[in-house]
Amino acid sequence: MADGEPLIPPSAVDVDFSDVAWGADRTMSDFETGMWRMEEVQPKLRSPIVAVDVLDKPPDWDRLGRAHEWASHMVPRIRMRVVEPTLRLGNPMWSVDPEFDLDYHLSRVRLPEPATFDHALRMCRHMATEPFDRARPPWSAMLIEGLDDGRAVYVVKTHHSITDGLGGIQLMTLLHSRRPEPSPDKPDRPAPLPEQMSGGGALFEQALDNVRSAPGRLGGLIRGAVRTAMTVVGDPVGSVTEVAGYANSIRRVVTPPSTTGSDLLRDRGLGRWFGVLEVSVDELRSAAHVAGGSLNDAYVAALLGGFRRYHESFGHDLDTIPVGMPVSMRSASDPTGGNRFAAARFAGPVGERDPVARIEKVRAIIPGVRQEPALGLLDSAAPLLVRLPTVVLANWYLSQSTGLDLQASNVAGVPVPVYLAGARIERMFPFGPAPGCAVMATLVSHVGTCCIGVNLDTAAVTEPARFMSCLQESLDEIVELGRG
């Protein structure tokens, strides 16, 4: 997403959950509808979001189960499945699963000895590649025990239609505990009642909502038209200039980056491989300061340097690669949960060998692409796109995403220690979805550490271990700037 202030998670006992409305909208947005339906016809567009928490010790299993049960009371979306309206005449709706079974969603495994974090990461990867049961709530969690250093791993997989990365962090800030001891006085409420919603019921409820909201939407259109007319009358020259500027922004947004993808990373497939990097927030920020950039600039520059090293190891030279960057479009007034992001695209300066110059070049590019007036165009066009035949929409979207060699996301995280059923969360590695791109890298800050999860398409990156080694070397090179 973008640089931002870390979220300060409240203690569960301090939250007034009567005011919490995380994921309260029962109808998927047009954008979320597209994500949900496209993967049915194009498996390469599967979009799970995976969070891997490294715990200092195994949590109490019974307490962990009770914590999930409690969370499903406080955030009803956890118990909801997706119901498609009859003939798909509308968007899917969220409905409380009448057969919700926590044991189906929460599992526990113990690795055979000797086991390392890498073994646990393989389990997470296999879990991520398994498609969701679309008749149940689209999420699952697993506790992985048996690591040789006494630690444990907790992994959660959610479908992207539930939330984006920042929405997921918002949810975790509500549900994680600020202390290892149990909180017997934390608020609770009854579990949401099961619903027997059918496709016809979803269609009827959505139609009723549209009728109820029609006067408000019409009034908004009229007020908007009046404001626009008054603006044009008061400043006709400025209005024409603004329209022309927005038209140019649309052209820049829809035009692919002025570079072609790497031949070495040309293929795409269903295989995934997870790798992790970590560096302290202070180290990465100090390195960025040397080049007059931000932490995000240094992070992207490190990724690009890793791409260059990987290609050079095969004897390939390249100057730029097409890069995508999710940008949060949330405002303070937006509800929590859901998806509110847009995708910026640019040509990443991979060929720049000097790390300082690379950070400077990234710094010169990113502010412009993130502040494009038409950046949210895809969201605006979603009502039209989602009405296309699903196979047409999926093939178009895949053609766009396969044109990216890298997607780089940065989500503000948690700056204070948090606990899960008595175990302290030491690291929080995010793995964003990679629908069509070769590499998806996601950074989340956690208690002073930048936790970077790298999701690789193994058809594109045929030697993942070598690629991760190249990324580590590039990250070390960037960090050394601050030490110097």
# chains A, B, ... in the order shown; residues from 1 in each chain; ligands from 1
>>> residues_around(residues="region 332-342 of chain A", least_positions_apart="6", cutoff="6 Å", atoms="only C-alpha atoms", output="list in words")
Trp22, Gly23, Ile162, Thr163, Asp164, Gly167, Pro326 and Gly376 of chain A
>>> write_last_selection(atoms="N, CA and C atoms", output="mmCIF file, in the first residue's frame")
data_model
loop_
_atom_site.group_PDB
_atom_site.id
_atom_site.type_symbol
_atom_site.label_atom_id
_atom_site.label_comp_id
_atom_site.auth_asym_id
_atom_site.auth_seq_id
_atom_site.Cartn_x
_atom_site.Cartn_y
_atom_site.Cartn_z
ATOM 1 N N TRP A 22 -16.821 -3.783 11.275
ATOM 2 C CA TRP A 22 -15.865 -4.337 10.316
ATOM 3 C C TRP A 22 -16.601 -5.287 9.373
ATOM 4 N N GLY A 23 -16.499 -5.000 8.078
ATOM 5 C CA GLY A 23 -17.146 -5.865 7.095
ATOM 6 C C GLY A 23 -18.654 -5.899 7.230
ATOM 7 N N ILE A 162 -12.945 -10.700 0.881
ATOM 8 C CA ILE A 162 -13.304 -10.307 2.244
ATOM 9 C C ILE A 162 -12.683 -8.965 2.592
ATOM 10 N N THR A 163 -11.415 -8.796 2.263
ATOM 11 C CA THR A 163 -10.724 -7.566 2.642
ATOM 12 C C THR A 163 -9.406 -7.441 1.907
ATOM 13 N N ASP A 164 -8.878 -6.217 1.871
ATOM 14 C CA ASP A 164 -7.523 -5.998 1.383
ATOM 15 C C ASP A 164 -6.554 -6.069 2.561
ATOM 16 N N GLY A 167 -7.338 -3.650 5.484
ATOM 17 C CA GLY A 167 -8.529 -4.094 6.187
ATOM 18 C C GLY A 167 -8.229 -5.284 7.087
ATOM 19 N N PRO A 326 -0.005 -1.636 -5.300
ATOM 20 C CA PRO A 326 -1.318 -1.329 -4.723
ATOM 21 C C PRO A 326 -1.237 -0.081 -3.862
ATOM 22 N N GLY A 376 -8.165 5.739 -9.375
ATOM 23 C CA GLY A 376 -9.280 4.867 -9.008
ATOM 24 C C GLY A 376 -10.187 4.518 -10.173
#
>>> residues_around(residues="region 192-197 of chain A", least_positions_apart="2", cutoff="10 Å", atoms="only C-alpha atoms", output="MDAnalysis selection string")
chainID A and resid 72:77 79:85 93:100 189:190 199:203 205
>>> residues_around(residues="Val109 (chain A)", least_positions_apart="5", cutoff="10 Å", atoms="only C-alpha atoms", output="count of residues only")
7
>>> closest_residue(among="A:Val327, A:Ala460, A:Leu475, A:Ile425", to="Arg178 (chain A)", atoms="only C-alpha atoms")
A:Ile425
>>> closest_residue(among="A:Gly261, A:Pro180, A:Pro58, A:Pro48", to="Gly403 (chain A)", atoms="only C-alpha atoms")
A:Gly261
>>> atom_distance(atom1="CA of Ser258 (chain A)", atom2="CA of Asp319 (chain A)")
11.5 Å
>>> select_by_dssp(residues="region 271-439 of chain A", states="alpha helix (DSSP H)", output="PDB file with N, CA and C atoms, in the first residue's frame")
ATOM      1  N   VAL A 281      13.032  -1.413  11.064  1.00  0.00           N
ATOM      2  CA  VAL A 281      12.464  -0.192  10.503  1.00  0.00           C
ATOM      3  C   VAL A 281      13.504   0.927  10.511  1.00  0.00           C
ATOM      4  N   ASP A 282      14.246   1.053  11.598  1.00  0.00           N
ATOM      5  CA  ASP A 282      15.240   2.126  11.714  1.00  0.00           C
ATOM      6  C   ASP A 282      16.346   1.981  10.676  1.00  0.00           C
ATOM      7  N   GLU A 283      16.796   0.747  10.445  1.00  0.00           N
ATOM      8  CA  GLU A 283      17.870   0.529   9.462  1.00  0.00           C
ATOM      9  C   GLU A 283      17.414   0.909   8.057  1.00  0.00           C
ATOM     10  N   LEU A 284      16.222   0.472   7.688  1.00  0.00           N
ATOM     11  CA  LEU A 284      15.753   0.754   6.337  1.00  0.00           C
ATOM     12  C   LEU A 284      15.457   2.243   6.160  1.00  0.00           C
ATOM     13  N   ARG A 285      14.925   2.855   7.200  1.00  0.00           N
ATOM     14  CA  ARG A 285      14.639   4.291   7.122  1.00  0.00           C
ATOM     15  C   ARG A 285      15.940   5.097   7.049  1.00  0.00           C
ATOM     16  N   SER A 286      16.957   4.693   7.795  1.00  0.00           N
ATOM     17  CA  SER A 286      18.247   5.397   7.751  1.00  0.00           C
ATOM     18  C   SER A 286      18.877   5.290   6.376  1.00  0.00           C
ATOM     19  N   ALA A 287      18.786   4.105   5.772  1.00  0.00           N
ATOM     20  CA  ALA A 287      19.329   3.932   4.429  1.00  0.00           C
ATOM     21  C   ALA A 287      18.604   4.819   3.426  1.00  0.00           C
ATOM     22  N   ALA A 288      17.274   4.890   3.557  1.00  0.00           N
ATOM     23  CA  ALA A 288      16.504   5.740   2.653  1.00  0.00           C
ATOM     24  C   ALA A 288      16.880   7.202   2.815  1.00  0.00           C
ATOM     25  N   HIS A 289      17.149   7.609   4.059  1.00  0.00           N
ATOM     26  CA  HIS A 289      17.480   9.014   4.341  1.00  0.00           C
ATOM     27  C   HIS A 289      18.743   9.453   3.612  1.00  0.00           C
ATOM     28  N   VAL A 290      19.686   8.537   3.454  1.00  0.00           N
ATOM     29  CA  VAL A 290      20.936   8.863   2.765  1.00  0.00           C
ATOM     30  C   VAL A 290      20.660   9.337   1.342  1.00  0.00           C
ATOM     31  N   LEU A 295      11.113   5.178   3.532  1.00  0.00           N
ATOM     32  CA  LEU A 295      11.293   3.746   3.778  1.00  0.00           C
ATOM     33  C   LEU A 295      10.748   2.943   2.606  1.00  0.00           C
ATOM     34  N   ASN A 296       9.613   3.347   2.065  1.00  0.00           N
ATOM     35  CA  ASN A 296       9.024   2.629   0.935  1.00  0.00           C
ATOM     36  C   ASN A 296       9.917   2.705  -0.299  1.00  0.00           C
ATOM     37  N   ASP A 297      10.566   3.845  -0.521  1.00  0.00           N
ATOM     38  CA  ASP A 297      11.483   3.973  -1.665  1.00  0.00           C
ATOM     39  C   ASP A 297      12.648   2.996  -1.539  1.00  0.00           C
ATOM     40  N   ALA A 298      13.214   2.913  -0.327  1.00  0.00           N
ATOM     41  CA  ALA A 298      14.334   1.996  -0.115  1.00  0.00           C
ATOM     42  C   ALA A 298      13.895   0.550  -0.275  1.00  0.00           C
ATOM     43  N   TYR A 299      12.705   0.232   0.195  1.00  0.00           N
ATOM     44  CA  TYR A 299      12.154  -1.125   0.073  1.00  0.00           C
ATOM     45  C   TYR A 299      12.002  -1.519  -1.389  1.00  0.00           C
ATOM     46  N   VAL A 300      11.396  -0.655  -2.206  1.00  0.00           N
ATOM     47  CA  VAL A 300      11.215  -0.957  -3.622  1.00  0.00           C
ATOM     48  C   VAL A 300      12.568  -1.037  -4.327  1.00  0.00           C
ATOM     49  N   ALA A 301      13.486  -0.148  -3.975  1.00  0.00           N
ATOM     50  CA  ALA A 301      14.825  -0.178  -4.583  1.00  0.00           C
ATOM     51  C   ALA A 301      15.545  -1.476  -4.264  1.00  0.00           C
ATOM     52  N   ALA A 302      15.361  -1.998  -3.056  1.00  0.00           N
ATOM     53  CA  ALA A 302      15.983  -3.275  -2.688  1.00  0.00           C
ATOM     54  C   ALA A 302      15.407  -4.414  -3.523  1.00  0.00           C
ATOM     55  N   LEU A 303      14.101  -4.411  -3.735  1.00  0.00           N
ATOM     56  CA  LEU A 303      13.490  -5.447  -4.565  1.00  0.00           C
ATOM     57  C   LEU A 303      14.021  -5.386  -5.992  1.00  0.00           C
ATOM     58  N   LEU A 304      14.106  -4.188  -6.541  1.00  0.00           N
ATOM     59  CA  LEU A 304      14.596  -4.041  -7.915  1.00  0.00           C
ATOM     60  C   LEU A 304      16.041  -4.499  -8.031  1.00  0.00           C
ATOM     61  N   GLY A 305      16.849  -4.181  -7.019  1.00  0.00           N
ATOM     62  CA  GLY A 305      18.236  -4.651  -7.038  1.00  0.00           C
ATOM     63  C   GLY A 305      18.324  -6.162  -7.015  1.00  0.00           C
ATOM     64  N   GLY A 306      17.410  -6.807  -6.297  1.00  0.00           N
ATOM     65  CA  GLY A 306      17.384  -8.271  -6.282  1.00  0.00           C
ATOM     66  C   GLY A 306      17.026  -8.843  -7.639  1.00  0.00           C
ATOM     67  N   PHE A 307      16.097  -8.205  -8.332  1.00  0.00           N
ATOM     68  CA  PHE A 307      15.750  -8.645  -9.685  1.00  0.00           C
ATOM     69  C   PHE A 307      16.969  -8.571 -10.592  1.00  0.00           C
ATOM     70  N   ARG A 308      17.728  -7.463 -10.500  1.00  0.00           N
ATOM     71  CA  ARG A 308      18.901  -7.319 -11.357  1.00  0.00           C
ATOM     72  C   ARG A 308      19.922  -8.414 -11.070  1.00  0.00           C
ATOM     73  N   ARG A 309      20.191  -8.677  -9.803  1.00  0.00           N
ATOM     74  CA  ARG A 309      21.165  -9.710  -9.441  1.00  0.00           C
ATOM     75  C   ARG A 309      20.727 -11.093  -9.931  1.00  0.00           C
ATOM     76  N   TYR A 310      19.433 -11.378  -9.821  1.00  0.00           N
ATOM     77  CA  TYR A 310      18.934 -12.681 -10.266  1.00  0.00           C
ATOM     78  C   TYR A 310      19.139 -12.842 -11.767  1.00  0.00           C
ATOM     79  N   HIS A 311      18.817 -11.808 -12.532  1.00  0.00           N
ATOM     80  CA  HIS A 311      18.995 -11.900 -13.981  1.00  0.00           C
ATOM     81  C   HIS A 311      20.470 -12.000 -14.358  1.00  0.00           C
ATOM     82  N   GLU A 312      21.316 -11.252 -13.680  1.00  0.00           N
ATOM     83  CA  GLU A 312      22.737 -11.317 -13.991  1.00  0.00           C
ATOM     84  C   GLU A 312      23.311 -12.692 -13.702  1.00  0.00           C
ATOM     85  N   SER A 313      22.744 -13.388 -12.715  1.00  0.00           N
ATOM     86  CA  SER A 313      23.238 -14.728 -12.401  1.00  0.00           C
ATOM     87  C   SER A 313      22.962 -15.713 -13.528  1.00  0.00           C
ATOM     88  N   PRO A 355      22.986   1.879  -5.521  1.00  0.00           N
ATOM     89  CA  PRO A 355      21.785   1.842  -4.678  1.00  0.00           C
ATOM     90  C   PRO A 355      21.233   3.222  -4.358  1.00  0.00           C
ATOM     91  N   VAL A 356      22.118   4.209  -4.184  1.00  0.00           N
ATOM     92  CA  VAL A 356      21.638   5.565  -3.897  1.00  0.00           C
ATOM     93  C   VAL A 356      20.874   6.109  -5.099  1.00  0.00           C
ATOM     94  N   ALA A 357      21.439   5.960  -6.278  1.00  0.00           N
ATOM     95  CA  ALA A 357      20.773   6.447  -7.488  1.00  0.00           C
ATOM     96  C   ALA A 357      19.471   5.689  -7.732  1.00  0.00           C
ATOM     97  N   ARG A 358      19.449   4.405  -7.378  1.00  0.00           N
ATOM     98  CA  ARG A 358      18.223   3.621  -7.574  1.00  0.00           C
ATOM     99  C   ARG A 358      17.108   4.131  -6.660  1.00  0.00           C
ATOM    100  N   ILE A 359      17.445   4.423  -5.410  1.00  0.00           N
ATOM    101  CA  ILE A 359      16.444   4.979  -4.488  1.00  0.00           C
ATOM    102  C   ILE A 359      15.961   6.331  -5.006  1.00  0.00           C
ATOM    103  N   GLU A 360      16.871   7.148  -5.512  1.00  0.00           N
ATOM    104  CA  GLU A 360      16.495   8.466  -6.024  1.00  0.00           C
ATOM    105  C   GLU A 360      15.555   8.332  -7.219  1.00  0.00           C
ATOM    106  N   LYS A 361      15.824   7.353  -8.082  1.00  0.00           N
ATOM    107  CA  LYS A 361      14.954   7.160  -9.251  1.00  0.00           C
ATOM    108  C   LYS A 361      13.570   6.674  -8.832  1.00  0.00           C
ATOM    109  N   VAL A 362      13.539   5.763  -7.865  1.00  0.00           N
ATOM    110  CA  VAL A 362      12.247   5.301  -7.357  1.00  0.00           C
ATOM    111  C   VAL A 362      11.483   6.464  -6.733  1.00  0.00           C
ATOM    112  N   ARG A 363      12.220   7.290  -5.974  1.00  0.00           N
ATOM    113  CA  ARG A 363      11.607   8.452  -5.324  1.00  0.00           C
ATOM    114  C   ARG A 363      11.016   9.413  -6.345  1.00  0.00           C
ATOM    115  N   ALA A 364      11.649   9.505  -7.497  1.00  0.00           N
ATOM    116  CA  ALA A 364      11.165  10.417  -8.533  1.00  0.00           C
ATOM    117  C   ALA A 364       9.927   9.876  -9.251  1.00  0.00           C
ATOM    118  N   ILE A 365       9.713   8.558  -9.161  1.00  0.00           N
ATOM    119  CA  ILE A 365       8.612   7.943  -9.908  1.00  0.00           C
ATOM    120  C   ILE A 365       7.345   7.794  -9.065  1.00  0.00           C
ATOM    121  N   ILE A 366       7.507   7.246  -7.862  1.00  0.00           N
ATOM    122  CA  ILE A 366       6.351   6.765  -7.105  1.00  0.00           C
ATOM    123  C   ILE A 366       5.355   7.864  -6.729  1.00  0.00           C
ATOM    124  N   PRO A 367       5.780   9.027  -6.226  1.00  0.00           N
ATOM    125  CA  PRO A 367       4.766  10.028  -5.861  1.00  0.00           C
ATOM    126  C   PRO A 367       3.841  10.381  -7.017  1.00  0.00           C
ATOM    127  N   GLY A 368       4.385  10.478  -8.214  1.00  0.00           N
ATOM    128  CA  GLY A 368       3.569  10.838  -9.368  1.00  0.00           C
ATOM    129  C   GLY A 368       2.527   9.785  -9.697  1.00  0.00           C
ATOM    130  N   VAL A 369       2.925   8.503  -9.719  1.00  0.00           N
ATOM    131  CA  VAL A 369       1.969   7.465 -10.092  1.00  0.00           C
ATOM    132  C   VAL A 369       0.941   7.228  -8.991  1.00  0.00           C
ATOM    133  N   ARG A 370       1.311   7.488  -7.737  1.00  0.00           N
ATOM    134  CA  ARG A 370       0.356   7.286  -6.637  1.00  0.00           C
ATOM    135  C   ARG A 370      -0.636   8.427  -6.518  1.00  0.00           C
ATOM    136  N   LEU A 377      -9.687   4.634 -11.400  1.00  0.00           N
ATOM    137  CA  LEU A 377     -10.514   4.417 -12.582  1.00  0.00           C
ATOM    138  C   LEU A 377     -11.085   3.002 -12.632  1.00  0.00           C
ATOM    139  N   LEU A 378     -10.275   1.994 -12.254  1.00  0.00           N
ATOM    140  CA  LEU A 378     -10.741   0.607 -12.326  1.00  0.00           C
ATOM    141  C   LEU A 378     -11.940   0.396 -11.411  1.00  0.00           C
ATOM    142  N   ASP A 379     -11.900   1.004 -10.233  1.00  0.00           N
ATOM    143  CA  ASP A 379     -13.023   0.888  -9.315  1.00  0.00           C
ATOM    144  C   ASP A 379     -14.256   1.574  -9.900  1.00  0.00           C
ATOM    145  N   SER A 380     -14.036   2.719 -10.552  1.00  0.00           N
ATOM    146  CA  SER A 380     -15.158   3.426 -11.162  1.00  0.00           C
ATOM    147  C   SER A 380     -15.751   2.638 -12.325  1.00  0.00           C
ATOM    148  N   ALA A 381     -14.886   1.919 -13.038  1.00  0.00           N
ATOM    149  CA  ALA A 381     -15.351   1.142 -14.188  1.00  0.00           C
ATOM    150  C   ALA A 381     -15.871  -0.234 -13.798  1.00  0.00           C
ATOM    151  N   ALA A 382     -15.692  -0.633 -12.529  1.00  0.00           N
ATOM    152  CA  ALA A 382     -16.089  -1.972 -12.087  1.00  0.00           C
ATOM    153  C   ALA A 382     -17.554  -2.288 -12.356  1.00  0.00           C
ATOM    154  N   PRO A 383     -18.510  -1.343 -12.152  1.00  0.00           N
ATOM    155  CA  PRO A 383     -19.910  -1.670 -12.442  1.00  0.00           C
ATOM    156  C   PRO A 383     -20.142  -2.120 -13.885  1.00  0.00           C
ATOM    157  N   LEU A 384     -19.339  -1.602 -14.816  1.00  0.00           N
ATOM    158  CA  LEU A 384     -19.465  -2.024 -16.210  1.00  0.00           C
ATOM    159  C   LEU A 384     -18.702  -3.318 -16.466  1.00  0.00           C
ATOM    160  N   LEU A 385     -17.489  -3.400 -15.934  1.00  0.00           N
ATOM    161  CA  LEU A 385     -16.657  -4.578 -16.183  1.00  0.00           C
ATOM    162  C   LEU A 385     -17.283  -5.852 -15.635  1.00  0.00           C
ATOM    163  N   THR A 390     -18.039 -13.548 -17.468  1.00  0.00           N
ATOM    164  CA  THR A 390     -16.929 -13.744 -16.529  1.00  0.00           C
ATOM    165  C   THR A 390     -15.656 -14.179 -17.235  1.00  0.00           C
ATOM    166  N   VAL A 391     -15.785 -15.045 -18.230  1.00  0.00           N
ATOM    167  CA  VAL A 391     -14.586 -15.520 -18.925  1.00  0.00           C
ATOM    168  C   VAL A 391     -13.908 -14.372 -19.669  1.00  0.00           C
ATOM    169  N   VAL A 392     -14.683 -13.440 -20.214  1.00  0.00           N
ATOM    170  CA  VAL A 392     -14.101 -12.288 -20.910  1.00  0.00           C
ATOM    171  C   VAL A 392     -13.380 -11.392 -19.912  1.00  0.00           C
ATOM    172  N   LEU A 393     -14.028 -11.127 -18.769  1.00  0.00           N
ATOM    173  CA  LEU A 393     -13.410 -10.291 -17.745  1.00  0.00           C
ATOM    174  C   LEU A 393     -12.136 -10.935 -17.216  1.00  0.00           C
ATOM    175  N   ALA A 394     -12.171 -12.248 -16.962  1.00  0.00           N
ATOM    176  CA  ALA A 394     -11.005 -12.944 -16.409  1.00  0.00           C
ATOM    177  C   ALA A 394      -9.830 -12.909 -17.383  1.00  0.00           C
ATOM    178  N   ASN A 395     -10.102 -13.153 -18.650  1.00  0.00           N
ATOM    179  CA  ASN A 395      -9.017 -13.149 -19.629  1.00  0.00           C
ATOM    180  C   ASN A 395      -8.425 -11.752 -19.795  1.00  0.00           C
ATOM    181  N   TRP A 396      -9.290 -10.728 -19.757  1.00  0.00           N
ATOM    182  CA  TRP A 396      -8.765  -9.357 -19.840  1.00  0.00           C
ATOM    183  C   TRP A 396      -7.893  -9.036 -18.626  1.00  0.00           C
ATOM    184  N   TYR A 397      -8.393  -9.360 -17.436  1.00  0.00           N
ATOM    185  CA  TYR A 397      -7.630  -9.046 -16.226  1.00  0.00           C
ATOM    186  C   TYR A 397      -6.305  -9.804 -16.201  1.00  0.00           C
ATOM    187  N   LEU A 398      -6.333 -11.070 -16.630  1.00  0.00           N
ATOM    188  CA  LEU A 398      -5.100 -11.849 -16.656  1.00  0.00           C
ATOM    189  C   LEU A 398      -4.096 -11.254 -17.631  1.00  0.00           C
ATOM    190  N   SER A 399      -4.583 -10.741 -18.761  1.00  0.00           N
ATOM    191  CA  SER A 399      -3.668 -10.125 -19.726  1.00  0.00           C
ATOM    192  C   SER A 399      -2.993  -8.895 -19.137  1.00  0.00           C
ATOM    193  N   GLN A 400      -3.699  -8.176 -18.247  1.00  0.00           N
ATOM    194  CA  GLN A 400      -3.113  -7.005 -17.608  1.00  0.00           C
ATOM    195  C   GLN A 400      -2.109  -7.404 -16.528  1.00  0.00           C
ATOM    196  N   SER A 401      -2.480  -8.367 -15.695  1.00  0.00           N
ATOM    197  CA  SER A 401      -1.625  -8.730 -14.560  1.00  0.00           C
ATOM    198  C   SER A 401      -0.383  -9.503 -14.991  1.00  0.00           C
TER     199      SER A 401
END
>>> closest_residue(among="A:Thr27, A:Thr462, A:Ser107, A:Thr442", to="Leu277 (chain A)", atoms="only C-alpha atoms")
A:Thr442
>>> select_by_dssp(residues="region 263-471 of chain A", states="strand (DSSP E)", output="ChimeraX atom specification")
/A:272-280,321-328,341-348,406-414,419-420,423-431,439-446,449-457
